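Data block below; observations after.
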Amino acid sequence: MSIPQSGGGPIERHEQLAEYLAEGCKPKQDWRIGTEHEKFGYCKDTHLPIPYRGERSVLAVLEGLRDLRGWEALYEGENIVGLQKDGANVSLEPGGQLELSGAPLETIHQTCDEVNQHLADVKDIADKVGVGFIGLGAAPEWAHEQMPMMPKGRYKLMTDYMGRVGTLGTAMMYRTCTVQVNLDFSTEADMVQKMRVALALQPVATALFANSPFFEGKVNGWKSWRAHIWQNLDAARTGMLPFVFDEGFGFEAWVEYALDVPMYFVYRDGKYIDALGQSFRDFLKGKLPALPGETPTLSDWADHLTTIFPEARVKQFIEMRGADGGPWRRLCALPAFWVGLTYDQTALDAAWDLVKGWDAETREALRVAAGKDGLHAQVGDINMRDLARQTLEISREGLRARARPGAGGMVPDERHFLHALEDSVTDGKAPADELLDLYHVEWNGDLSRIYEGYAY
């Protein structure tokens with residue numbers, strides 16, 4: 001979940017809403033890669049989720065990163081709710097999941113170095129206080145009642161609202177983790193093409209990264225239970241967004257969509273003001289019940305854009321949101337996958353050619369099937385494993401064409417970051433399949449062994 005945004009001053013013209021998005025346009029040489037990943041913390045002796053406060057807690061880890069690794073603390077009231085350093089942020093999800101929002105970097109080599117350093121630092125500090133962290137798409141055993149709530153005002157408001165609009169909203173907030181990548185665009189037309197490819201191929205990412213076959217201590221029948229959760233929370237702000245594929249889609253169409261998404265809050269003077277279900281359109285007219293007579297700023301608009309949760313999202317960049325959190329090795333594979341598909345024009349065109357004939361029903365069916373069956377999904381004549389293989393070939397060529405070397409020039413490009421995904425396509429097994437094999441055979445149904453085997 002996002003921290004409060006700094007978008008700008010008063011909104012005096014409707015056109016400013018689309019102009020704010022368009023300000024994200026950058027020349028290709030300035031495109032960057034921002035990788036985000038979330039992970040569950042747990043007490044090593046009990047395997048229960050860590051609370052916010054205490055000897056073994058989220059706060060202990062945040063304070064350790066602050067005191068031992070030079071991060072600057074971010075506060076809400078008197079509580080530390082995040083950290084910042086060198087363009088990166090560490091933030092808290094509602095149930096205490098720890099998120100790294102990485103700095104905007106030029107190459108996958110750099111973003112992977114950032115991830116590796118972060119996980120090493122977190123592990124060192126966590127080990128000192130008896131805490132572990134694990135990368136999974138959904139909490140394998142914990143019930144909702146066992147989850148702590150982090151002391152952030154927006155989470156209290158969202159918790160109250162989620163129960164009204166869907167069946168699994170609070171499960172998403174408290175018991176899921178994801179890995180995503182934020183990518184740039186050069187023009188409105190570039191944004192449109194990237195968004196269409198992003199949405200259409202998000203089910204492939206879901207299948208390749210599927211890593212949540214357990215929930216509340218049981219096999220749940222889905223390869224990505226996290227994906228299932230996202231399909232059953234708030235229809236007003238989630239989904240595959242068929243309008244993105246309509247002729248004429250652009251920044252203004254995104255504005256019109258976002259204006260129809262009900263609000264959560266307005267952030268003022270360090271506090272979240274309840275605006276649940278209210279309309280940003282009314283806010284523009286000075287008719288918001290939460291703040292009668294007051295009109296919004298661009299910072300309010302930026303905040304509102306963070307409360308929209310489709311499979312791919314436009315802000316001043318594009319967020320790819322379809323993958324489960326997972327093992328260390330795959331945290332670098334996700335940005336590599338999407339950078340290969342979208343940061344080389346030949347690859348982007350090839351990806352669009354692959355999906356442009358699909359209709360909205362096909363895209364939605366792929367979304368559902370990817371969560372249920374992972375790489376074994378079948379929708380009409382589309383076989384997910386074959387589709388993943390084709391998509392990876394395009395991504396691989398895109399990374400080859402980018403030719404961004406690493407390791408002091410010893411590694412010619414970024415293609416090796418796809419190896420984990422290529423292995424999955426070769427053997428037909430995403431992480432969820434590997435977990436299920438272990439659970440049924442080596443672990444003999446003892447799910448507690450997941451912590452030792454899959455902790456960072």
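Simple scheme: letters A, B, ... for chains in structure tokens order, numbers from 1 for residues in each chain, numbers from 1 for ligands in the order shown.
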
Next item on the list: Enumerate as a VMD selection string all residues of region 124-311 of chain A assigned to helix (DSSP H, G or I) by DSSP on the backbone, naming them with the chain letters and numbers the document uses.
Entry: chain A and resid 124 to 129 144 to 146 153 to 165 169 to 175 188 to 208 225 to 230 242 to 245 251 to 259 280 to 284 298 to 305

Hey, what's within 9 Å of Thr238 (chain A) if we count only C-alpha atoms and toss same-chain stuff fewer than 5 positions away? As a tab-separated table (two decimals) with C-alpha atoms, in the first residue's frame, please?
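Once everything was written out, this is selection_4.tsv:
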```tsv
chain	number	residue	atom	x	y	z
A	230	TRP	CA	-8.32	-10.25	-6.04
A	231	GLN	CA	-11.18	-11.54	-8.18
A	233	LEU	CA	-13.17	-8.06	-3.41
A	308	ILE	CA	-7.41	1.77	-7.59
A	309	PHE	CA	-6.36	-1.88	-7.85
A	310	PRO	CA	-6.76	-3.36	-11.37
A	311	GLU	CA	-4.36	-5.93	-12.79
```

Checklist line | Contacts of region 406-423 of chain A within 7 Å, only C-alpha atoms, excl. fewer than 3 positions in-chain, as number ranges by chain | finding: A: 108-109, 208, 330, 332-333, 336-337, 396, 399-400, 403, 426-427

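Of the listed residues A:Glu145, A:Glu106, A:Asp353, A:Glu114, the one whose atoms come nearest to Lys85 (chain A) is A:Glu114, with distances taken using only C-alpha atoms.
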
Report the closest atom pair, with its distance in Å rounded to one decimal, for each residue of region 222-287 of chain A that has an atom no farther than 12 Å from region 4-23 of chain A; count only C-alpha atoms, sort by chain and then rising residue number, and write it as a tab-separated table.
```
residue	atom	partner	partner_atom	distance
A:Gly250	CA	A:Ala18	CA	8.9
A:Phe251	CA	A:Ala18	CA	5.4
A:Glu252	CA	A:Ala18	CA	5.4
A:Ala253	CA	A:Ala18	CA	8.7
A:Trp254	CA	A:Ala18	CA	8.0
A:Val255	CA	A:Ala18	CA	6.2
A:Glu256	CA	A:Ala18	CA	9.4
A:Tyr257	CA	A:Ala18	CA	11.5
A:Ala258	CA	A:Leu17	CA	10.0
A:Leu259	CA	A:Leu17	CA	9.8
A:Phe265	CA	A:Pro4	CA	10.9
A:Val266	CA	A:Pro4	CA	9.8
A:Tyr267	CA	A:Pro4	CA	7.4
A:Arg268	CA	A:Pro4	CA	9.9
A:Asp269	CA	A:Pro4	CA	11.0
A:Gly270	CA	A:Pro4	CA	9.0
A:Lys271	CA	A:Pro4	CA	10.1
A:Tyr272	CA	A:Pro4	CA	9.7
A:Phe280	CA	A:Leu17	CA	11.3
A:Arg281	CA	A:His14	CA	10.0
A:Phe283	CA	A:Ile11	CA	10.3
A:Leu284	CA	A:Ile11	CA	7.7
A:Lys285	CA	A:Glu12	CA	10.2
A:Gly286	CA	A:Ile11	CA	11.1
```

Would you export the selected residues with N, CA and C atoms as a tab-separated table (two decimals), in the first residue's frame, please?
```
chain	number	residue	atom	x	y	z
A	250	GLY	N	-6.96	6.64	-23.62
A	250	GLY	CA	-5.78	7.45	-23.32
A	250	GLY	C	-5.88	7.99	-21.92
A	251	PHE	N	-5.12	9.03	-21.64
A	251	PHE	CA	-5.09	9.57	-20.29
A	251	PHE	C	-6.46	10.05	-19.82
A	252	GLU	N	-7.21	10.69	-20.70
A	252	GLU	CA	-8.51	11.20	-20.29
A	252	GLU	C	-9.48	10.07	-19.97
A	253	ALA	N	-9.42	8.99	-20.73
A	253	ALA	CA	-10.27	7.84	-20.43
A	253	ALA	C	-9.92	7.25	-19.06
A	254	TRP	N	-8.62	7.23	-18.73
A	254	TRP	CA	-8.23	6.74	-17.40
A	254	TRP	C	-8.77	7.67	-16.31
A	255	VAL	N	-8.73	8.97	-16.56
A	255	VAL	CA	-9.28	9.93	-15.60
A	255	VAL	C	-10.75	9.65	-15.35
A	256	GLU	N	-11.51	9.45	-16.43
A	256	GLU	CA	-12.95	9.21	-16.27
A	256	GLU	C	-13.21	7.93	-15.49
A	257	TYR	N	-12.42	6.91	-15.75
A	257	TYR	CA	-12.54	5.67	-14.97
A	257	TYR	C	-12.23	5.93	-13.50
A	258	ALA	N	-11.11	6.60	-13.23
A	258	ALA	CA	-10.70	6.82	-11.84
A	258	ALA	C	-11.69	7.68	-11.08
A	259	LEU	N	-12.31	8.64	-11.76
A	259	LEU	CA	-13.29	9.49	-11.10
A	259	LEU	C	-14.51	8.70	-10.64
A	265	PHE	N	-10.49	8.04	1.29
A	265	PHE	CA	-10.09	9.01	2.31
A	265	PHE	C	-9.59	10.29	1.64
A	266	VAL	N	-9.40	11.30	2.47
A	266	VAL	CA	-8.62	12.48	2.13
A	266	VAL	C	-7.58	12.65	3.23
A	267	TYR	N	-6.35	12.92	2.83
A	267	TYR	CA	-5.24	13.04	3.79
A	267	TYR	C	-5.01	14.52	4.09
A	268	ARG	N	-5.16	14.90	5.37
A	268	ARG	CA	-4.97	16.28	5.78
A	268	ARG	C	-4.21	16.34	7.11
A	269	ASP	N	-3.14	17.12	7.13
A	269	ASP	CA	-2.41	17.40	8.37
A	269	ASP	C	-2.04	16.12	9.12
A	270	GLY	N	-1.56	15.13	8.36
A	270	GLY	CA	-1.10	13.90	8.98
A	270	GLY	C	-2.20	12.93	9.37
A	271	LYS	N	-3.44	13.20	8.98
A	271	LYS	CA	-4.55	12.33	9.36
A	271	LYS	C	-5.38	11.96	8.13
A	272	TYR	N	-5.97	10.76	8.19
A	272	TYR	CA	-6.84	10.28	7.12
A	272	TYR	C	-8.29	10.58	7.49
A	280	PHE	N	-15.02	11.55	-6.08
A	280	PHE	CA	-14.03	12.57	-6.41
A	280	PHE	C	-14.63	13.62	-7.34
A	281	ARG	N	-15.63	13.23	-8.11
A	281	ARG	CA	-16.31	14.22	-8.96
A	281	ARG	C	-16.97	15.29	-8.08
A	283	PHE	N	-15.97	16.04	-5.10
A	283	PHE	CA	-14.85	16.76	-4.50
A	283	PHE	C	-14.39	17.90	-5.42
A	284	LEU	N	-14.35	17.64	-6.71
A	284	LEU	CA	-13.95	18.67	-7.68
A	284	LEU	C	-14.91	19.86	-7.66
A	285	LYS	N	-16.15	19.60	-7.30
A	285	LYS	CA	-17.17	20.66	-7.26
A	285	LYS	C	-17.27	21.31	-5.88
A	286	GLY	N	-16.45	20.88	-4.95
A	286	GLY	CA	-16.54	21.40	-3.59
A	286	GLY	C	-17.71	20.82	-2.82
```

Next item on the list: Can you work out the spacing between CA of Cys25 (chain A) and CA of Lys315 (chain A) in Å, to one decimal?
Entry: 10.7 Å
